[in-house]
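Enquirer: Next up is a structure, given as structure tokens.
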Amino acid sequence: MQTQAIGLFDSGVGGLSIWRAVKRILPNEHTIYLADNQNAPYGEKSKDEIIALSEKNTEFLLNQNVKLIIVACNTASTNAIPHLRRKYKVPFIRIQPAIKPAGLQSKTKVIGLLATKATLKSTMLNELKQIIPTQDIEIIGQYGKGLVEIVENVEMEQPQTYRLLERYLIPMMAKNIDQLVLGCTHYPFLIPQMQKILGDNVQIIDPALPIARQTKRILTEFDLLAPKNQKAKHYFYANKSIKALQIMLKNYSGIIIKLIDF
Ligand code: DGL
């Protein structure tokens with residue numbers, strides 16, 4: 001079991017923001033990453049469609065014999081995790097918007113949450129809001145329409161990207177946010193551009209490192225950590241295009257990227 005890979009899935013390259021943190025915290029682990037880019041964006045789909053796609057991705061990864069699955073997508077996590085946990089035995093790591101740490105750190109008591117449509121309307125997000133011990137925190141939710149496509153097309157530095165980000169961020173700044181929670185795994189690839197607009201007074205919260213540390217805790221608890229001398233291999237599969245994966249992974253060695261049907 002210990003030598004089996006960790007599986008991750010997302011609607012595209014967004015989950016790479018989680019993968020790179022996992023690689024840093026768990027350098028000996030083999031990984032298998034699934035980019036279901038044929039069905040992106042997930043954020044526009046219904047809960048039932050997101051559950052069906054999450055099941056399909058889980059079964060693909062289980063057929064590859066993974067020992068744990070990171071649902072490297074807020075949209076799939078917030079809509080499908082309870083269902084996946086009921087249906088499959090493999091341990092799942094979920095990603096959820098980090099509104100709790102943001103709320104605790106906020107001095108202005110106003111935080112921004114940029115996420116997909118399906119995450120913003122998910123029951124899990126609403127439950128999460130209820131359990132935050134910070135009732136006096138105001139959350140300004142904003143749907144980041146178009147941002148997933150920008151990252152999938154690797155157009156982060158285009159002028160129209162800045163214009164779109166300004167449209168979403170400036171109204172939040174006007175409401176005095178001091179924390180911006182990234183509720184979609186694609187958005188960390190826009191942090192440099194967002195920070196230019198937000199300046200130094202707004203802190204951006206990317207959950208990737210805490211998720212990677214949580215993965216390490218769960219592997220340790222289940223006695224599933226890879227041997228320390230294991231030389232990690234990383235497989236990436238996509239079902240529409242591998243172009244974005246190739247561009248975004250160009251600085252990594254020891255990786256295999258394939259276009260497949262699934
Ligand atoms: N990266 C995903 C997320 O974290 C999916 C975005 C999408 O496909 O809409 O929500």
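Lettering and numbering for the structure tokens are positional, with chains as A, B, ... in the shown order, residues counted from 1 in each chain, and ligands counted from 1 in the shown order.
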For Gly183 (chain A), find every residue with an atom within 6 Å (counting only C-alpha atoms), except residues of its own chain fewer than 6 positions away, and show them as a list in words.

Expert: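 Here the qualifying residues turn out to be Pro97, Leu114 and Ala115 of chain A.
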
Enquirer: Let me see if you get this right: every residue at most 7 Å from ligand 1, counting only C-alpha atoms and all ligand atoms, written as a list in words.

Expert: Asp10, Ser11, Gly12, Gly14, Gly15, Ala40, Pro41, Tyr42, Gly43, Glu44, Ala72, Cys73, Asn74, Thr75, Ala76, Ala115, Thr116, Thr119, Val148, Gly183, Cys184, Thr185 and His186 of chain A

Enquirer: Please compute the CA of Ile177 (chain A)-CA of Thr161 (chain A) distance, one decimal, in Å.

Expert: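 Answer for the CA of Ile177 (chain A) to CA of Thr161 (chain A) separation: 21.2 Å.
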
Enquirer: Using only C-alpha atoms, pick whichever of A:Ile95, A:Phe189, A:Ile218, A:Asp206 has the shortest atom-to-atom distance to Met124 (chain A).

Expert: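 Counting only C-alpha atoms, the residue closest to Met124 (chain A) is A:Ile95.
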
Enquirer: Can you pull out every residue within 9 Å of region 28-30 of chain A, counting only C-alpha atoms, but drop anything in the same chain fewer than 3 positions away, and send it as a PyMOL selection string?

Expert: chain A and resi 2-7+22-23+225-235

Enquirer: Keeping only N, CA, C and O atoms, write the selected residues to a file as a PDB file, in the first residue's frame.

Expert:
```
ATOM      1  N   GLN A   2       1.920   1.302   0.818  1.00  0.00           N
ATOM      2  CA  GLN A   2       2.691   2.554   0.960  1.00  0.00           C
ATOM      3  C   GLN A   2       3.262   3.051  -0.365  1.00  0.00           C
ATOM      4  O   GLN A   2       3.427   4.253  -0.554  1.00  0.00           O
ATOM      5  N   THR A   3       3.595   2.117  -1.264  1.00  0.00           N
ATOM      6  CA  THR A   3       4.230   2.529  -2.527  1.00  0.00           C
ATOM      7  C   THR A   3       3.204   2.952  -3.595  1.00  0.00           C
ATOM      8  O   THR A   3       3.578   3.412  -4.669  1.00  0.00           O
ATOM      9  N   GLN A   4       1.917   2.791  -3.305  1.00  0.00           N
ATOM     10  CA  GLN A   4       0.895   3.208  -4.268  1.00  0.00           C
ATOM     11  C   GLN A   4       0.836   4.740  -4.343  1.00  0.00           C
ATOM     12  O   GLN A   4       1.258   5.437  -3.415  1.00  0.00           O
ATOM     13  N   ALA A   5       0.272   5.207  -5.466  1.00  0.00           N
ATOM     14  CA  ALA A   5       0.269   6.666  -5.700  1.00  0.00           C
ATOM     15  C   ALA A   5      -0.865   7.373  -4.967  1.00  0.00           C
ATOM     16  O   ALA A   5      -1.855   6.763  -4.581  1.00  0.00           O
ATOM     17  N   ILE A   6      -0.692   8.685  -4.820  1.00  0.00           N
ATOM     18  CA  ILE A   6      -1.778   9.572  -4.381  1.00  0.00           C
ATOM     19  C   ILE A   6      -2.495  10.016  -5.658  1.00  0.00           C
ATOM     20  O   ILE A   6      -1.844  10.404  -6.627  1.00  0.00           O
ATOM     21  N   GLY A   7      -3.815   9.963  -5.672  1.00  0.00           N
ATOM     22  CA  GLY A   7      -4.572  10.449  -6.829  1.00  0.00           C
ATOM     23  C   GLY A   7      -5.099  11.853  -6.565  1.00  0.00           C
ATOM     24  O   GLY A   7      -5.425  12.195  -5.420  1.00  0.00           O
ATOM     25  N   VAL A  22       1.762  19.458  -2.528  1.00  0.00           N
ATOM     26  CA  VAL A  22       1.896  18.053  -2.110  1.00  0.00           C
ATOM     27  C   VAL A  22       3.301  17.554  -2.440  1.00  0.00           C
ATOM     28  O   VAL A  22       3.963  16.889  -1.629  1.00  0.00           O
ATOM     29  N   LYS A  23       3.781  17.930  -3.604  1.00  0.00           N
ATOM     30  CA  LYS A  23       5.117  17.494  -4.036  1.00  0.00           C
ATOM     31  C   LYS A  23       6.188  18.048  -3.083  1.00  0.00           C
ATOM     32  O   LYS A  23       7.175  17.386  -2.781  1.00  0.00           O
ATOM     33  N   LEU A 225       2.384   6.283   4.364  1.00  0.00           N
ATOM     34  CA  LEU A 225       3.455   7.135   3.817  1.00  0.00           C
ATOM     35  C   LEU A 225       4.422   6.319   2.961  1.00  0.00           C
ATOM     36  O   LEU A 225       4.791   5.195   3.330  1.00  0.00           O
ATOM     37  N   ALA A 226       4.864   6.888   1.855  1.00  0.00           N
ATOM     38  CA  ALA A 226       5.814   6.201   0.959  1.00  0.00           C
ATOM     39  C   ALA A 226       7.163   6.034   1.659  1.00  0.00           C
ATOM     40  O   ALA A 226       7.526   6.858   2.505  1.00  0.00           O
ATOM     41  N   PRO A 227       7.903   4.979   1.294  1.00  0.00           N
ATOM     42  CA  PRO A 227       9.243   4.815   1.872  1.00  0.00           C
ATOM     43  C   PRO A 227      10.119   6.042   1.558  1.00  0.00           C
ATOM     44  O   PRO A 227       9.988   6.634   0.483  1.00  0.00           O
ATOM     45  N   LYS A 228      10.985   6.394   2.489  1.00  0.00           N
ATOM     46  CA  LYS A 228      11.781   7.638   2.335  1.00  0.00           C
ATOM     47  C   LYS A 228      12.746   7.598   1.149  1.00  0.00           C
ATOM     48  O   LYS A 228      13.182   8.626   0.653  1.00  0.00           O
ATOM     49  N   ASN A 229      13.074   6.376   0.694  1.00  0.00           N
ATOM     50  CA  ASN A 229      14.009   6.276  -0.435  1.00  0.00           C
ATOM     51  C   ASN A 229      13.275   6.141  -1.778  1.00  0.00           C
ATOM     52  O   ASN A 229      13.900   5.935  -2.810  1.00  0.00           O
ATOM     53  N   GLN A 230      11.945   6.249  -1.755  1.00  0.00           N
ATOM     54  CA  GLN A 230      11.197   6.089  -3.015  1.00  0.00           C
ATOM     55  C   GLN A 230      11.410   7.301  -3.922  1.00  0.00           C
ATOM     56  O   GLN A 230      11.287   8.438  -3.495  1.00  0.00           O
ATOM     57  N   LYS A 231      11.742   7.032  -5.186  1.00  0.00           N
ATOM     58  CA  LYS A 231      11.936   8.122  -6.145  1.00  0.00           C
ATOM     59  C   LYS A 231      10.587   8.367  -6.830  1.00  0.00           C
ATOM     60  O   LYS A 231      10.088   7.498  -7.546  1.00  0.00           O
ATOM     61  N   ALA A 232      10.018   9.517  -6.561  1.00  0.00           N
ATOM     62  CA  ALA A 232       8.626   9.757  -6.988  1.00  0.00           C
ATOM     63  C   ALA A 232       8.468   9.882  -8.500  1.00  0.00           C
ATOM     64  O   ALA A 232       9.299  10.475  -9.182  1.00  0.00           O
ATOM     65  N   LYS A 233       7.354   9.304  -8.997  1.00  0.00           N
ATOM     66  CA  LYS A 233       6.984   9.468 -10.416  1.00  0.00           C
ATOM     67  C   LYS A 233       5.642  10.184 -10.441  1.00  0.00           C
ATOM     68  O   LYS A 233       4.793   9.954  -9.583  1.00  0.00           O
ATOM     69  N   HIS A 234       5.451  11.025 -11.465  1.00  0.00           N
ATOM     70  CA  HIS A 234       4.226  11.822 -11.519  1.00  0.00           C
ATOM     71  C   HIS A 234       3.571  11.695 -12.888  1.00  0.00           C
ATOM     72  O   HIS A 234       4.173  12.049 -13.901  1.00  0.00           O
ATOM     73  N   TYR A 235       2.369  11.155 -12.877  1.00  0.00           N
ATOM     74  CA  TYR A 235       1.609  10.980 -14.125  1.00  0.00           C
ATOM     75  C   TYR A 235       0.473  11.986 -14.189  1.00  0.00           C
ATOM     76  O   TYR A 235      -0.220  12.205 -13.184  1.00  0.00           O
TER      77      TYR A 235
END
```

Enquirer: Any chance you could list, as a list in words, the residues in region 13-154 of chain A that come up strand (DSSP E or B) when DSSP is run on the backbone?

Expert: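 Reading the DSSP output for region 13-154 of chain A, strand (DSSP E or B) covers Thr31, Ile32, Tyr33, Leu34, Ala35, Leu68, Ile69, Ile70, Val71, Phe92, Ile93, Val110, Ile111, Gly112, Leu113, Leu114, Ala115, Glu138, Ile139, Ile140, Gly141, Gln142 and Tyr143 of chain A.
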
Enquirer: For Met1 (chain A), work out the shell of residues within 10 Å, counting only C-alpha atoms and skipping chain neighbours fewer than 6 positions away, then give it as a list in words.

Expert: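 My list of contacting residues is Asn65, Val66, Lys67, Asp223, Leu224, Leu225 and Ala226 of chain A.
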
Enquirer: Where in region 25-177 of chain A does DSSP assign alpha helix (DSSP H), given as an NGL selection string?

Expert: :A and (25 or 47-63 or 74-87 or 99-105 or 117-120 or 123-131 or 147-152 or 159-174)

Enquirer: With a distance cut-off of 12 Å and only C-alpha atoms, select the neighbouring residues of Leu209 (chain A), excluding the residue or stretch itself and same-chain residues fewer than 6 positions from it, and output the selection as a list in words.

Expert: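 Selected residues are Ser17, Ile18, Trp19, Arg20, Ala21, Val22, Lys23, Arg24, Ile25, Leu26, Ile95, Ala98, Pro188, Thr215 and Lys216 of chain A.
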
Enquirer: Counting only C-alpha atoms, what is within 10 Å of region 237-245 of chain A, bar same-chain residues fewer than 6 positions away, as JSON, numbers by chain?

Expert: {"A": [9, 10, 11, 12, 13, 14, 16, 32, 33, 34, 35, 36, 37, 38, 39, 40, 151, 152, 153, 154, 256, 257, 258, 259, 260, 261, 262]}

Enquirer: Put those residues in a file: N, CA and C atoms, as a compact mmCIF listing (two decimals), in the first residue's frame.

Expert:
```txt
# COMPACT_ATOMS: atom_id res chain seq x y z
N PHE A 9 -7.75 14.92 -8.56
CA PHE A 9 -8.48 15.30 -9.77
C PHE A 9 -9.04 16.71 -9.68
N ASP A 10 -9.21 17.28 -10.86
CA ASP A 10 -9.79 18.63 -11.01
C ASP A 10 -10.40 18.70 -12.40
N SER A 11 -11.09 19.79 -12.69
CA SER A 11 -11.64 19.97 -14.03
C SER A 11 -10.57 20.40 -15.03
N GLY A 12 -9.36 20.64 -14.54
CA GLY A 12 -8.29 21.08 -15.45
C GLY A 12 -6.99 21.24 -14.69
N VAL A 13 -6.29 22.36 -14.97
CA VAL A 13 -4.97 22.55 -14.35
C VAL A 13 -5.02 23.18 -12.95
N GLY A 14 -6.23 23.58 -12.49
CA GLY A 14 -6.33 24.25 -11.19
C GLY A 14 -5.71 23.45 -10.06
N LEU A 16 -3.30 21.75 -9.94
CA LEU A 16 -1.82 21.77 -9.87
C LEU A 16 -1.36 22.67 -8.73
N ILE A 32 -0.81 10.61 -9.29
CA ILE A 32 -1.53 10.48 -10.57
C ILE A 32 -2.58 11.59 -10.59
N TYR A 33 -2.48 12.46 -11.57
CA TYR A 33 -3.34 13.66 -11.63
C TYR A 33 -4.26 13.59 -12.84
N LEU A 34 -5.52 13.80 -12.58
CA LEU A 34 -6.52 13.72 -13.64
C LEU A 34 -7.10 15.11 -13.91
N ALA A 35 -6.99 15.57 -15.16
CA ALA A 35 -7.58 16.86 -15.54
C ALA A 35 -8.75 16.57 -16.48
N ASP A 36 -9.95 16.68 -15.96
CA ASP A 36 -11.15 16.37 -16.75
C ASP A 36 -11.53 17.60 -17.58
N ASN A 37 -10.61 18.06 -18.43
CA ASN A 37 -10.84 19.36 -19.07
C ASN A 37 -11.92 19.33 -20.16
N GLN A 38 -12.31 18.12 -20.54
CA GLN A 38 -13.43 18.00 -21.47
C GLN A 38 -14.72 18.56 -20.83
N ASN A 39 -14.80 18.45 -19.52
CA ASN A 39 -16.01 18.87 -18.82
C ASN A 39 -15.86 20.19 -18.06
N ALA A 40 -14.74 20.89 -18.24
CA ALA A 40 -14.55 22.18 -17.56
C ALA A 40 -15.43 23.23 -18.23
N VAL A 151 -7.13 30.68 -16.86
CA VAL A 151 -6.02 29.84 -16.39
C VAL A 151 -5.85 28.64 -17.34
N GLU A 152 -6.96 28.05 -17.78
CA GLU A 152 -6.87 26.91 -18.71
C GLU A 152 -6.18 27.32 -20.02
N ASN A 153 -6.40 28.58 -20.43
CA ASN A 153 -5.77 29.05 -21.67
C ASN A 153 -4.41 29.69 -21.42
N VAL A 154 -3.95 29.63 -20.16
CA VAL A 154 -2.67 30.23 -19.73
C VAL A 154 -2.56 31.68 -20.24
N ILE A 256 5.21 12.58 -16.49
CA ILE A 256 4.70 12.02 -17.75
C ILE A 256 3.29 12.61 -17.96
N ILE A 257 3.07 13.19 -19.14
CA ILE A 257 1.77 13.81 -19.43
C ILE A 257 1.15 13.10 -20.64
N LYS A 258 -0.10 12.64 -20.47
CA LYS A 258 -0.73 11.91 -21.58
C LYS A 258 -2.15 12.36 -21.83
N LEU A 259 -2.54 12.37 -23.11
CA LEU A 259 -3.92 12.63 -23.49
C LEU A 259 -4.60 11.27 -23.59
N ILE A 260 -5.66 11.07 -22.84
CA ILE A 260 -6.33 9.78 -22.87
C ILE A 260 -7.85 9.99 -22.89
N ASP A 261 -8.58 8.91 -23.13
CA ASP A 261 -10.04 8.94 -23.07
C ASP A 261 -10.49 8.48 -21.70
N PHE A 262 -11.29 9.25 -21.02
CA PHE A 262 -11.88 8.71 -19.79
C PHE A 262 -13.20 9.41 -19.50
```
